[in-house]
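> Let me begin by handing over the structure; questions about it come next.
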Amino acid sequence: MTTDTAIIDTAGEIRVQDCYQCGKCTAGCPVAGHMDVMPNQIVRLAQMGMEDRAMLSESVWLCVSCQTCTTRCPKSVDCAGVMDAMRQLSAGRDAVAPAMRNTLIFMRAFLDNIRRNGRLNELELVGQFKTAGFFSSLSIPFLFKDAMLGPKMMSRRKLRLLGKKVRDRAIVKRIFERCHGKTADTPLKKDEQ
Amino acid sequence: MTSAASIGYYPGCALHGSSNDYEASVRACLGALGVELCELNDWICCGATAAHSLNHNLAVALPARNLAIAERDGVRELLAPCPMCSMELIRGNRAMARDEKLRRKMSEIVELNIKGETKVLNLIQVFQGIGMDAIKAAVKYPLTEISAACYYGCLLTRPPEDLRFDDCEHPSSMETIIEALGGKTVEWNYKTECCGAGMTLANTDTVLELSHKILSNARAHGANCVVAACPMCHVNLDMKQGDVERRYGVRHGMMIYYLSDLTGLALGIDAHTLGIDRHFVVTK
């Protein structure tokens with residue numbers, strides 16, 4: 001068993017070895033129709049210690065974390081937890097299916113925003129996401145895709161220019177430092193906890 | 001719950017941001033029902049999907065900090081009207097209750113002791129605490145013209161082992177409330193299907209496809225509105241409805257109410273106070 005499988009087995013009670021490939025996770029998945037590797041196949045790859053292949057699939061970033069797979073699994077395998085573990089590996093090594101890069105960029109921008117403000121500042125998040133996504137893709141349409149939404153939200157008083165920040169932002173930064181440990185994005189293994 | 005009861009309140013980022021219409025209606029209708037909300041002191045983000053996707057520790061630590069603040073301040077019941085927040089808070093609490101080592105570690109990380117004494121509630125549970133008889137008695141304008149498709153989405157009921165709320169495949173708690181308000185509800189198939197959640201910006205195609213299916217199914221079953229209790233569901237079904245219609249060449253014209261909107265209307269609160277006039281889809 002590789003070190004990576006050890007991460008999957010210890011990050012919560014995922015029970016990946018219990019899967020007998022009935023396919024119920026895939027049957028209920030709302031986005032399976034667009035996936036390159038089906039959810040039951042991701043679990044199988046995890047079982048076999050082949051997370052290198054699993055984490056490079058588009059599927060792990062297409063997953064919307066709706067928890068339907070985990071809820072319906074007859075063997076109580078935490079399939080959504082497998083997806084989380086694969087995303088953590090993928091992000092930690094910066095090995096991401098090219099078509100899904102924006103989803104990782106968005107999530108990183110989200111967490112960075114929380115680390116600095118304690119709470120989400122939506123306008124700032126959109127700015128961070130668009131800037132990082134643009135430099136990654138050099139796509140002008142991407143940059144302006146949601147631009148029309150801004151004024152419509154503004155007129156409905158749904159966007160605040162200055163979000164309310166947390167007063168004790170230092171503790172938020174300390175929490176992030178402690179959670180990240182030595183390597184960013186990578187979950188701690190049980191023996192390091 | 002007696003009159004003028006007070007409970008802790010964790011708004012979460014969405015209700016203080018673009019879903020401030022949800023906050024307006026939650027505050028107005030709970031106020032009218034005699035529930036006072038005490039906002040959690042210096043709360044922080046729960047981490048949402050980004051935290052559990054990128055960092056296993058943060059996904060517990062961010063909720064843990066909020067739970068610890070609640071305990072320190074003697075908050076026994078904490079309302080989190082956003083199901084993403086309530087799910088993350090409940091999940092964090094359960095993970096620490098199962099694993100003493102994790103609880104101690106998290107207490108160190110968040111610099112406050114956590115014992116797991118605060119009960120986290122979603123909005124439906126607060127209505128249940130008030131009681132259907134009390135709600136019925138407070139109705140001024142029964143919802144006689146409403147045929148609602150009650151939409152629960154993912155995280156009010158999933159994962160069921162942690163949330164232990166309603167039936168995860170066929171919930172009915174929202175229907176009970178709408179019917180107590182004098183409205184009708186429809187049987188439909190997409191009560192707990194996902195709308196694409198926080199992928200609105202990062203993966204718009206997924207959101208449009210899933211939202212289109214939900215809106216189509218609600219319409220096919222005779223609903224004249226959808227009732228949601230989640231800010232992300234509301235964004236995808238309401239704000240993105242125009243994009244859904246353009247993408248699929250259909251006209252849905254489906255009003256998307258928050259549960260607190262319809263409750264507020266039945267209690268006699270005006271649409272402006274409830275923030276309903278700030279939705280994207282506004283029909284007569």
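Ordering of the structure tokens sets the chain letters (A, B, ...), residue numbers begin anew at 1 in every chain, and ligands are numbered from 1 in the order given.
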Any idea what's packed within 10 Å of Lys24 of chain A, counting only C-alpha atoms, ignoring anything in its chain fewer than 4 positions away? Could you give it as a VMD selection string?

chain A and resid 28 to 29 39 to 40 68 to 70 72 to 74

> Which residues of chain B are close to chain A, meaning at most 6 Å apart when you count only C-alpha atoms, and how do they look as a PDB file with C-alpha atoms, in the first residue's frame?


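Done, and the output landed in selection-v2.pdb:
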```
ATOM      1  CA  CYS B  13     -20.944  34.542   4.515  1.00  0.00           C
ATOM      2  CA  SER B  18     -25.323  38.382  -1.967  1.00  0.00           C
ATOM      3  CA  ASP B  42     -16.951  37.462  15.658  1.00  0.00           C
ATOM      4  CA  ILE B  44     -15.737  33.118  10.880  1.00  0.00           C
ATOM      5  CA  CYS B  45     -16.488  31.322   7.594  1.00  0.00           C
ATOM      6  CA  ALA B  50     -13.312  24.722  -0.697  1.00  0.00           C
ATOM      7  CA  SER B  53     -11.925  19.768  -0.990  1.00  0.00           C
ATOM      8  CA  LEU B  54      -8.473  21.168  -0.267  1.00  0.00           C
ATOM      9  CA  ASN B  55      -7.663  20.672   3.390  1.00  0.00           C
ATOM     10  CA  HIS B  56      -9.094  18.024   5.697  1.00  0.00           C
ATOM     11  CA  ASN B  57      -7.968  19.850   8.853  1.00  0.00           C
ATOM     12  CA  LEU B  58      -9.412  23.227   7.898  1.00  0.00           C
ATOM     13  CA  ILE B 109      -5.735  24.871  16.909  1.00  0.00           C
ATOM     14  CA  CYS B 154     -28.381  18.319  -0.780  1.00  0.00           C
ATOM     15  CA  PRO B 159     -25.033  13.011   4.907  1.00  0.00           C
ATOM     16  CA  ALA B 202     -16.310  27.887 -11.464  1.00  0.00           C
ATOM     17  CA  ARG B 278     -34.856  41.976  -4.799  1.00  0.00           C
TER      18      ARG B 278
END
```

> Which residues are near Cys225 of chain B? Cut-off 6 Å, only C-alpha atoms, ignore same chain within fewer than 6 positions. Put them as a PyMOL selection string.

chain B and resi 148+254-256

> Those residues you just picked out, can you put them in a file as a short mmCIF file (atom, residue, chain, number, x, y, z; two decimals), in the first residue's frame with C-alpha atoms?


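So the final result, stored in part.cif, reads:
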```
data_model
loop_
_atom_site.label_atom_id
_atom_site.label_comp_id
_atom_site.auth_asym_id
_atom_site.auth_seq_id
_atom_site.Cartn_x
_atom_site.Cartn_y
_atom_site.Cartn_z
CA ALA B 148 -45.18 24.89 -3.95
CA MET B 254 -40.72 30.23 -11.83
CA MET B 255 -40.75 32.24 -8.61
CA ILE B 256 -38.18 30.93 -6.14
#
```

> In Å to one decimal, how far is atom CA of Tyr9 of chain B from atom CA of Glu39 of chain B?

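Atom CA of Tyr9 of chain B lies at a distance of 4.5 Å from atom CA of Glu39 of chain B.
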
> So that I can check the secondary structure, give me every residue of segment 91-283 of chain B assigned helix (DSSP H, G or I) by backbone DSSP, as a ChimeraX atom specification.

/B:91-98,100-110,123-130,132-138,160-163,173-180,197-199,204-220,231-239,241-248,259-266,271-274,276-278

> Enter the distance from atom CA of Lys115 of chain B to atom CA of Ser6 of chain B, in Å, rounded to one decimal.

21.8 Å

> Would you mind reading off the distance between atom CA of Val82 of chain A and atom CA of Leu155 of chain B, one decimal, in Å?

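Between atom CA of Val82 of chain A and atom CA of Leu155 of chain B the gap works out to 18.0 Å.
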
> Pick out the closest residue to Val110 of chain B from this set: B:Ile69, B:Ile135, B:Leu123, B:Ile90. Count only C-alpha atoms.

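Closest residue, counting only C-alpha atoms: B:Ile69.
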
> Using only C-alpha atoms, determine which residues lie at most 10 Å from Tyr258 of chain B, disregarding the query and same-chain residues fewer than 5 positions distant; provide the list as a list of chain:residue names.

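After dropping sequence-adjacent residues, the list is B:Asp21, B:Tyr22, B:Ser25, B:Val26, B:Cys150, B:Tyr151, B:Val226, B:Val227, B:Ala228, B:Ala229, B:Cys230, B:Pro231, B:Cys233, B:His234, B:Thr263, B:Gly264, B:Leu274, B:Ile276.
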
> With N, CA and C atoms retained, export the selected residues as a compact mmCIF listing (two decimals), in the first residue's frame.


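File written: again_35.txt
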```txt
# COMPACT_ATOMS: atom_id res chain seq x y z
N ASP B 21 -30.99 39.07 1.05
CA ASP B 21 -32.45 39.01 1.03
C ASP B 21 -32.96 37.86 1.91
N TYR B 22 -32.19 36.77 1.94
CA TYR B 22 -32.55 35.63 2.82
C TYR B 22 -32.46 36.07 4.29
N SER B 25 -35.45 38.13 5.31
CA SER B 25 -36.71 37.42 5.56
C SER B 25 -36.62 36.52 6.78
N VAL B 26 -35.45 35.92 7.03
CA VAL B 26 -35.29 35.10 8.25
C VAL B 26 -35.51 35.97 9.48
N CYS B 150 -41.48 21.96 -2.82
CA CYS B 150 -40.53 22.16 -1.72
C CYS B 150 -39.20 21.52 -2.10
N TYR B 151 -38.18 22.35 -2.17
CA TYR B 151 -36.88 21.91 -2.66
C TYR B 151 -35.87 21.93 -1.51
N VAL B 226 -41.16 27.49 -6.42
CA VAL B 226 -40.27 26.56 -5.73
C VAL B 226 -39.92 27.21 -4.39
N VAL B 227 -39.91 26.40 -3.33
CA VAL B 227 -39.51 26.92 -2.01
C VAL B 227 -38.18 26.30 -1.63
N ALA B 228 -37.21 27.16 -1.33
CA ALA B 228 -35.88 26.68 -0.97
C ALA B 228 -35.51 27.18 0.42
N ALA B 229 -34.56 26.52 1.04
CA ALA B 229 -34.07 26.98 2.34
C ALA B 229 -32.55 27.00 2.31
N CYS B 230 -32.00 27.43 1.17
CA CYS B 230 -30.55 27.42 0.99
C CYS B 230 -30.16 28.58 0.08
N PRO B 231 -29.18 29.39 0.48
CA PRO B 231 -28.80 30.53 -0.36
C PRO B 231 -28.20 30.13 -1.70
N CYS B 233 -28.88 27.30 -3.44
CA CYS B 233 -30.00 26.84 -4.28
C CYS B 233 -30.72 28.05 -4.86
N HIS B 234 -30.92 29.07 -4.03
CA HIS B 234 -31.65 30.25 -4.49
C HIS B 234 -30.89 30.98 -5.60
N THR B 263 -43.36 32.15 4.70
CA THR B 263 -43.83 32.26 6.08
C THR B 263 -44.13 33.72 6.40
N GLY B 264 -43.21 34.59 6.02
CA GLY B 264 -43.37 36.02 6.28
C GLY B 264 -44.62 36.57 5.60
N LEU B 274 -39.32 41.62 3.32
CA LEU B 274 -38.79 40.26 3.21
C LEU B 274 -37.70 40.15 2.14
N ILE B 276 -38.21 40.12 -1.06
CA ILE B 276 -38.69 39.37 -2.23
C ILE B 276 -38.58 40.22 -3.51
```

> Residues within 12 Å of Asn236 of chain B, please, as a ChimeraX atom specification. Count only C-alpha atoms; anything in the same chain fewer than 5 positions from it doesn't count.

/B:19,153,194-201,203-215,228,230-231,241-244,256,279-281

> Tell me, as a CSV table (one decimal) with C-alpha atoms, in the first residue's frame, which residues lie within 9 Å of Asn41 of chain B, counting only C-alpha atoms; anything in the same chain fewer than 6 positions away does not count.


```csv
chain,number,residue,atom,x,y,z
B,66,ASN,CA,-17.4,28.9,15.7
B,69,ILE,CA,-17.1,30.7,20.5
B,70,ALA,CA,-20.8,29.6,20.9
B,73,ASP,CA,-20.6,32.5,25.2
```

> Could you name the residues that touch Arg44 of chain A at 10 Å or less, counting only C-alpha atoms, but leaving out those on the same chain fewer than 2 positions away, as an MDAnalysis selection string?

chainID A and resid 16:17 19:21 38:42 46:51 54

> From segment 237-283 of chain B, collect each residue whose DSSP state is strand (DSSP E) and return the set as a list in words.

Met255, Ile256, Tyr257 and Tyr258 of chain B

> Any chance you could export the current selection's all heavy atoms as a compact mmCIF listing (two decimals), in the first residue's frame?


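File result-v9.txt, as written:
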```txt
# COMPACT_ATOMS: atom_id res chain seq x y z
N MET B 255 -41.15 31.52 -9.83
CA MET B 255 -40.75 32.24 -8.61
C MET B 255 -40.02 31.29 -7.67
O MET B 255 -40.47 30.16 -7.46
CB MET B 255 -41.99 32.76 -7.88
CG MET B 255 -42.47 34.15 -8.24
SD MET B 255 -41.28 35.46 -7.96
CE MET B 255 -41.34 35.74 -6.20
N ILE B 256 -38.91 31.74 -7.12
CA ILE B 256 -38.18 30.93 -6.14
C ILE B 256 -38.24 31.68 -4.80
O ILE B 256 -37.67 32.76 -4.66
CB ILE B 256 -36.69 30.75 -6.55
CG1 ILE B 256 -36.55 30.39 -8.03
CG2 ILE B 256 -36.03 29.70 -5.64
CD1 ILE B 256 -37.12 29.05 -8.44
N TYR B 257 -38.97 31.12 -3.87
CA TYR B 257 -39.09 31.73 -2.55
C TYR B 257 -38.18 31.03 -1.56
O TYR B 257 -37.97 29.82 -1.65
CB TYR B 257 -40.52 31.59 -2.00
CG TYR B 257 -41.57 32.40 -2.71
CD1 TYR B 257 -42.49 31.79 -3.56
CD2 TYR B 257 -41.67 33.77 -2.50
CE1 TYR B 257 -43.48 32.53 -4.19
CE2 TYR B 257 -42.65 34.52 -3.14
CZ TYR B 257 -43.54 33.90 -3.97
OH TYR B 257 -44.52 34.63 -4.59
N TYR B 258 -37.68 31.79 -0.61
CA TYR B 258 -37.11 31.16 0.57
C TYR B 258 -38.27 30.73 1.47
O TYR B 258 -39.34 31.37 1.44
CB TYR B 258 -36.24 32.15 1.36
CG TYR B 258 -34.96 32.54 0.69
CD1 TYR B 258 -34.77 33.83 0.21
CD2 TYR B 258 -33.92 31.62 0.55
CE1 TYR B 258 -33.58 34.20 -0.39
CE2 TYR B 258 -32.73 31.98 -0.05
CZ TYR B 258 -32.56 33.27 -0.52
OH TYR B 258 -31.38 33.63 -1.11
```
